[in-house]
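run27.cif (mmCIF, C-alpha atoms)
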data_work
loop_
_atom_site.label_atom_id
_atom_site.label_comp_id
_atom_site.auth_asym_id
_atom_site.auth_seq_id
_atom_site.Cartn_x
_atom_site.Cartn_y
_atom_site.Cartn_z
CA MET A 1 62.37 97.52 112.43
CA PRO A 2 61.57 93.87 113.16
CA GLU A 3 58.00 92.94 114.10
CA PHE A 4 57.39 90.08 116.53
CA LYS A 5 54.24 87.97 116.75
CA TRP A 6 53.90 84.96 119.07
CA PHE A 7 51.94 81.82 118.22
CA GLY A 8 52.60 80.10 121.55
CA HIS A 9 55.28 77.76 122.91
CA ASN A 10 58.55 78.59 121.03
CA CYS A 11 56.91 79.85 117.85
CA PHE A 12 57.43 83.44 116.75
CA ARG A 13 57.05 85.22 113.45
CA ILE A 14 59.75 87.85 113.00
CA LYS A 15 59.12 90.15 110.05
CA SER A 16 61.84 92.40 108.69
CA ARG A 17 62.18 94.66 105.68
CA GLU A 18 63.84 91.80 103.84
CA ALA A 19 62.16 88.57 104.93
CA THR A 20 59.91 86.72 107.36
CA VAL A 21 61.33 84.20 109.85
CA ILE A 22 59.25 81.63 111.73
CA THR A 23 60.86 79.88 114.68
CA ASP A 24 59.85 76.38 115.82
CA PRO A 25 56.41 76.16 114.13
CA VAL A 26 54.08 75.04 116.89
CA ASP A 27 52.08 71.81 116.97
CA ARG A 28 48.60 71.35 118.44
CA SER A 29 50.00 68.94 121.04
CA THR A 30 51.03 72.03 123.04
CA GLY A 31 47.46 73.33 123.13
CA PHE A 32 48.29 76.12 120.69
CA ALA A 33 47.25 76.05 117.05
CA MET A 34 48.38 78.41 114.31
CA ALA A 35 46.83 79.20 110.95
CA LYS A 36 48.85 78.64 107.77
CA GLN A 37 51.71 81.12 107.52
CA ASN A 38 54.01 82.49 104.85
CA ALA A 39 57.73 82.61 105.63
CA SER A 40 61.07 82.97 103.88
CA ILE A 41 63.03 81.16 106.61
CA VAL A 42 61.98 78.56 109.19
CA THR A 43 64.31 77.63 112.04
CA ILE A 44 64.01 74.37 113.98
CA SER A 45 65.68 74.13 117.39
CA ASN A 46 65.09 70.38 117.57
CA TYR A 47 62.72 67.91 115.99
CA ASN A 48 60.44 67.36 118.97
CA ALA A 49 56.89 67.33 117.59
CA SER A 50 55.93 70.43 119.58
CA ASN A 51 58.19 72.73 117.55
CA ALA A 52 58.72 71.16 114.14
CA ASN A 53 55.29 71.49 112.51
CA LEU A 54 56.61 72.43 109.08
CA GLY A 55 53.27 71.62 107.44
CA VAL A 56 51.77 74.82 108.85
CA VAL A 57 54.12 76.99 106.74
CA ARG A 58 53.29 77.43 103.06
CA PRO A 59 56.00 76.61 100.50
CA GLU A 60 58.48 77.93 99.49
CA PHE A 61 60.73 78.51 102.50
CA GLN A 62 64.27 77.68 103.51
CA THR A 63 64.82 75.56 106.63
CA VAL A 64 67.68 76.00 109.11
CA ASP A 65 67.91 73.16 111.62
CA GLY A 66 71.39 73.06 113.09
CA PRO A 67 74.52 74.91 114.11
CA GLY A 68 76.46 77.02 111.62
CA GLU A 69 76.42 80.39 109.92
CA TYR A 70 73.86 81.20 107.24
CA GLU A 71 73.01 84.20 105.09
CA LEU A 72 69.46 83.95 103.76
CA GLU A 73 67.34 86.75 102.28
CA ASN A 74 69.85 89.32 103.65
CA ILE A 75 69.38 87.97 107.18
CA PHE A 76 72.38 86.52 109.01
CA VAL A 77 71.55 83.46 111.10
CA THR A 78 73.97 81.78 113.49
CA GLY A 79 73.05 78.41 115.01
CA VAL A 80 74.72 77.55 118.32
CA ARG A 81 74.62 73.96 119.54
CA THR A 82 73.25 73.62 123.08
CA PHE A 83 71.60 70.80 124.99
CA LEU A 84 68.04 69.77 125.78
CA ASP A 85 69.04 68.35 129.15
CA ALA A 86 72.04 67.24 131.20
CA GLN A 87 72.62 64.09 129.11
CA ARG A 88 75.18 65.72 126.82
CA HIS A 89 76.39 62.46 125.35
CA ALA A 90 73.04 61.61 123.74
CA GLU A 91 72.47 62.74 120.16
CA LYS A 92 68.79 63.31 120.89
CA ALA A 93 69.74 65.78 123.61
CA PHE A 94 70.99 68.41 121.15
CA ASN A 95 69.20 71.74 120.75
CA THR A 96 70.13 74.68 118.53
CA ALA A 97 69.87 78.25 119.76
CA TYR A 98 69.77 80.89 117.03
CA LEU A 99 71.05 84.43 116.62
CA PHE A 100 69.37 86.55 113.94
CA GLU A 101 70.74 89.84 112.66
CA VAL A 102 67.60 91.69 111.60
CA ASP A 103 67.21 95.40 110.78
CA GLY A 104 70.13 96.38 113.01
CA PHE A 105 69.04 94.19 115.95
CA VAL A 106 70.57 90.93 117.18
CA ILE A 107 67.85 88.54 118.33
CA CYS A 108 68.53 85.32 120.25
CA HIS A 109 66.01 82.45 120.28
CA LEU A 110 67.09 79.77 122.76
CA GLY A 111 64.67 77.05 121.63
CA ASP A 112 64.37 74.19 124.14
CA ILE A 113 67.69 74.85 125.86
CA GLY A 114 67.80 72.61 128.92
CA GLN A 115 70.69 73.98 130.96
CA PRO A 116 72.57 77.28 131.29
CA PRO A 117 74.97 77.83 128.39
CA THR A 118 78.66 77.07 128.71
CA ALA A 119 81.23 79.87 128.73
CA GLU A 120 81.83 79.39 124.99
CA GLN A 121 78.11 79.40 124.22
CA THR A 122 77.60 82.45 126.42
CA GLN A 123 80.24 84.37 124.47
CA GLN A 124 78.22 83.85 121.30
CA LEU A 125 74.73 84.29 122.72
CA ALA A 126 75.51 87.39 124.81
CA GLN A 127 75.63 89.50 121.65
CA ALA A 128 71.83 89.64 121.60
CA ASP A 129 69.77 92.80 122.09
CA ILE A 130 66.53 90.79 122.33
CA LEU A 131 66.32 87.42 124.08
CA LEU A 132 63.52 84.87 123.54
CA ILE A 133 63.80 82.39 126.41
CA PRO A 134 61.73 79.46 127.79
CA VAL A 135 60.74 80.30 131.36
CA GLY A 136 58.09 77.76 132.40
CA GLY A 137 60.30 74.95 133.65
CA GLY A 138 59.10 71.50 132.61
CA THR A 139 61.77 69.38 130.92
CA GLY A 140 63.81 72.43 129.91
CA LEU A 141 65.43 75.13 132.01
CA THR A 142 64.09 75.46 135.52
CA GLN A 143 62.75 78.90 136.27
CA GLU A 144 65.77 79.48 138.51
CA HIS A 145 68.13 78.53 135.69
CA ALA A 146 66.20 80.74 133.24
CA ALA A 147 66.69 83.68 135.60
CA GLU A 148 70.39 82.82 135.78
CA VAL A 149 70.66 82.79 131.97
CA VAL A 150 69.01 86.21 131.77
CA SER A 151 71.49 87.65 134.27
CA VAL A 152 74.43 86.21 132.32
CA LEU A 153 73.31 87.19 128.81
CA GLU A 154 72.09 90.67 129.87
CA PRO A 155 69.70 91.40 126.99
CA LYS A 156 68.18 94.82 126.49
CA VAL A 157 64.77 93.22 125.88
CA LEU A 158 63.46 89.95 127.32
CA ILE A 159 60.54 88.15 125.65
CA PRO A 160 59.43 85.05 127.61
CA MET A 161 58.12 81.93 125.87
CA GLN A 162 57.07 78.41 126.81
CA TYR A 163 55.14 79.08 130.02
CA GLN A 164 51.67 78.31 131.34
CA THR A 165 48.81 80.11 129.58
CA PRO A 166 45.03 79.52 129.51
CA ILE A 167 45.41 78.27 125.91
CA GLY A 168 48.48 76.07 125.89
CA ASP A 169 51.48 74.78 127.84
CA ARG A 170 49.14 74.39 130.81
CA SER A 171 51.43 71.89 132.55
CA LEU A 172 54.26 74.44 132.82
CA GLN A 173 54.81 77.00 135.54
CA PRO A 174 53.20 80.45 135.33
CA LEU A 175 55.00 83.59 134.30
CA ASP A 176 54.58 85.50 137.56
CA THR A 177 56.88 83.16 139.53
CA PHE A 178 59.63 83.72 136.96
CA ALA A 179 59.08 87.49 137.08
CA LYS A 180 59.70 87.45 140.83
CA LEU A 181 63.01 85.66 140.30
CA VAL A 182 64.28 88.31 137.88
CA GLY A 183 62.76 91.18 139.85
CA VAL A 184 60.56 92.68 137.16
CA GLU A 185 56.95 93.84 137.02
CA LEU A 186 54.92 92.21 134.27
CA PRO A 187 53.58 94.70 131.72
CA GLU A 188 50.35 94.43 129.77
CA PRO A 189 50.78 91.99 126.87
CA LEU A 190 50.89 93.20 123.28
CA ASP A 191 49.53 91.60 120.13
CA LYS A 192 52.68 92.63 118.23
CA TYR A 193 56.01 94.16 119.18
CA ALA A 194 58.04 96.33 116.79
CA PRO A 195 61.01 97.92 118.59
CA ARG A 196 63.12 100.82 117.39
CA GLN A 197 66.77 101.25 118.24
CA ALA A 198 65.85 104.31 120.29
CA ASP A 199 63.62 102.09 122.46
CA LEU A 200 66.57 100.11 123.81
CA GLN A 201 67.55 101.24 127.30
CA ASP A 202 70.35 100.36 129.71
CA ALA A 203 67.85 98.71 132.06
CA MET A 204 66.36 95.47 130.74
CA GLU A 205 62.77 95.69 129.48
CA ILE A 206 60.41 92.70 129.56
CA VAL A 207 57.89 92.42 126.73
CA LEU A 208 54.89 90.07 126.84
CA LEU A 209 53.02 88.98 123.73
CA ASN A 210 49.52 87.57 123.45
CA PRO A 211 49.56 84.20 121.69
CA ASP A 212 47.92 84.43 118.27
CA SER A 213 46.35 80.99 118.29
CA GLU A 214 43.63 79.38 116.23
CA ALA A 215 42.68 77.65 119.47
CA VAL A 216 41.41 81.01 120.77
CA ARG A 217 38.89 81.19 117.93
CA ARG A 218 37.47 77.70 118.31
#
As structure tokens, please, write out the structure in this file.
Amino acid sequence: MPEFKWFGHNCFRIKSREATVITDPVDRSTGFAMAKQNASIVTISNYNASNANLGVVRPEFQTVDGPGEYELENIFVTGVRTFLDAQRHAEKAFNTAYLFEVDGFVICHLGDIGQPPTAEQTQQLAQADILLIPVGGGTGLTQEHAAEVVSVLEPKVLIPMQYQTPIGDRSLQPLDTFAKLVGVELPEPLDKYAPRQADLQDAMEIVLLNPDSEAVRR
């Protein structure tokens, strides 16, 4: 079973039987700070400083930073090109959302997606059992658009990211306003999350993770 740990902002460590994936290694500019990590695979949604802190991951690892299909360490990764904002014509506006096939689960990490996915993108992203989605507004999805994406993609498990916390991302909106939009009660946060196939239900479950941040220890 995959094990999820959150380091704040868009940064997760996903451990499987085969390998360890780190998504969007977080930079201190967000308020979060992570200790040095080991990983087999690092994915970068875009090269904004907040989620491309490759120096925090110890060598040797393989980097995936764009659309395409990859098989690394027996993990299948699919990158889907999306957009940071409405300015689709600008090269800098590109973002990559990722699908990971890990231990029988399909996991979708949306990165800094800035608008609801197109019909073609939705067809690819809706395969996910577990959805990692930015929900705090800011320059990305509005909270209303994030709720719309959740209703379209219909994941079994929703793990929010990139929202206001006492440690980091303080300028973003809080999680409770998003929860009201999707009509869910917020559960107690976990330090780690390791789902089993039997845990997946027809009704969507929301899972909250405590950020594992060096900033907490300072």
* List the residues matched by the PyMOL selection byres ((chain A and resi 114-123) around 6) in the displayed structure as a list in words, ordered by chain and then by residue number. =>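 Applied to this file, the PyMOL selection byres ((chain A and resi 114-123) around 6) returns Phe83, Leu84, Asp85, Ile113, Gln124, Leu125, Ala126, Gly140, Leu141 and Val149 of chain A.
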* Pick the closest to Pro189 in chain A from A:Ser151, A:Ser16, A:Asn210, A:Asn53: which is it, counting all atoms listed in the file? ->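 Using all atoms listed in the file, the shortest distance to Pro189 in chain A belongs to A:Asn210.
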* Structure fact -> Using all atoms listed in the file, the best pick from A:Arg17, A:Trp6, A:Pro211, A:Thr43 as closest to Val57 in chain A would be A:Thr43
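The residues caught by the PyMOL selection byres ((chain A and resi 200) around 10) in this file are Asp129, Ile130, Pro155, Lys156, Val157, Pro195, Arg196, Gln197, Ala198, Asp199, Gln201, Asp202, Ala203, Met204 and Glu205 of chain A.
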So which residues are close to (56.3, 88.4, 119.6), meaning at most 7 Å away in the file's coordinates with only C-alpha atoms counted, and can you show them as a CSV table (one decimal) with C-alpha atoms, keeping the file's coordinate frame?
chain,number,residue,atom,x,y,z
A,4,PHE,CA,57.4,90.1,116.5
A,5,LYS,CA,54.2,88.0,116.8
A,6,TRP,CA,53.9,85.0,119.1
A,12,PHE,CA,57.4,83.4,116.8
A,13,ARG,CA,57.0,85.2,113.4
A,192,LYS,CA,52.7,92.6,118.2
A,193,TYR,CA,56.0,94.2,119.2
A,209,LEU,CA,53.0,89.0,123.7
* Structure fact -> Students should find that CA of Met1 in chain A and CA of Cys108 in chain A are spaced 15.7 Å
* Asked: Can you tell me, as a PyMOL selection string, which residues sit within 9 Å of (51.5, 93.7, 129.9) in the file's frame, using all atoms listed in the file?
  -> chain A and resi 185-190+206-209
* Do you know which residues the PyMOL selection byres ((chain A and resi 18-30) around 6) returns on this file, as a list in words? -> Asn10, Cys11, Phe12, Arg13, Ile14, Lys15, Ser16, Arg17, Gly31, Phe32, Ala33, Ala39, Ser40, Ile41, Val42, Thr43, Ile44, Ser50, Asn51, Ala52, Asn53, Gly168 and Asp169 of chain A
Okay, now the selection with C-alpha atoms, as a PDB file, keeping the file's coordinate frame?
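After the write, part20.pdb holds the following:
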ATOM      1  CA  ASN A  10      58.550  78.590 121.030  1.00  0.00           C
ATOM      2  CA  CYS A  11      56.910  79.850 117.850  1.00  0.00           C
ATOM      3  CA  PHE A  12      57.430  83.440 116.750  1.00  0.00           C
ATOM      4  CA  ARG A  13      57.050  85.220 113.450  1.00  0.00           C
ATOM      5  CA  ILE A  14      59.750  87.850 113.000  1.00  0.00           C
ATOM      6  CA  LYS A  15      59.120  90.150 110.050  1.00  0.00           C
ATOM      7  CA  SER A  16      61.840  92.400 108.690  1.00  0.00           C
ATOM      8  CA  ARG A  17      62.180  94.660 105.680  1.00  0.00           C
ATOM      9  CA  GLY A  31      47.460  73.330 123.130  1.00  0.00           C
ATOM     10  CA  PHE A  32      48.290  76.120 120.690  1.00  0.00           C
ATOM     11  CA  ALA A  33      47.250  76.050 117.050  1.00  0.00           C
ATOM     12  CA  ALA A  39      57.730  82.610 105.630  1.00  0.00           C
ATOM     13  CA  SER A  40      61.070  82.970 103.880  1.00  0.00           C
ATOM     14  CA  ILE A  41      63.030  81.160 106.610  1.00  0.00           C
ATOM     15  CA  VAL A  42      61.980  78.560 109.190  1.00  0.00           C
ATOM     16  CA  THR A  43      64.310  77.630 112.040  1.00  0.00           C
ATOM     17  CA  ILE A  44      64.010  74.370 113.980  1.00  0.00           C
ATOM     18  CA  SER A  50      55.930  70.430 119.580  1.00  0.00           C
ATOM     19  CA  ASN A  51      58.190  72.730 117.550  1.00  0.00           C
ATOM     20  CA  ALA A  52      58.720  71.160 114.140  1.00  0.00           C
ATOM     21  CA  ASN A  53      55.290  71.490 112.510  1.00  0.00           C
ATOM     22  CA  GLY A 168      48.480  76.070 125.890  1.00  0.00           C
ATOM     23  CA  ASP A 169      51.480  74.780 127.840  1.00  0.00           C
TER      24      ASP A 169
END
* From A:Ser45, A:Gln143, A:Gln62, A:Gln173, residue lying nearest Thr96 in chain A [all atoms listed in the file] ->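 Closest residue, counting all atoms listed in the file: A:Ser45.
Distances here use all atoms listed in the file; by that measure, the residue among A:Leu158, A:Val80, A:Met34, A:Leu131 closest to Ser213 in chain A is A:Met34.
Atom to atom, CA of Arg170 in chain A and CA of Gly8 in chain A stand 11.4 Å apart.
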* **Residues within 10 Å of Gly137 in chain A, all atoms listed in the file, excluding chain neighbours under 2 positions, as an MDAnalysis selection string** => chainID A and resid 114 134:135 139:146 162:164 171:174 178
* Asked: What does the distance from CA of Glu214 in chain A to CA of Ala49 in chain A come to in Å, to one decimal?
  ->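 Result for CA of Glu214 in chain A versus CA of Ala49 in chain A: 18.0 Å, one decimal.
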* Identify which of the residues A:Pro160, A:Pro67, A:Pro166, A:Pro2 lies closest to Tyr98 in chain A, counting all atoms listed in the file when measuring atom-to-atom distances. =>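 Using all atoms listed in the file, the shortest distance to Tyr98 in chain A belongs to A:Pro67.
For the set A:Val182, A:Thr177, A:His109, A:Gly55, the residue with the smallest atom-to-atom gap to Ile159 in chain A is A:His109, counting all atoms listed in the file.
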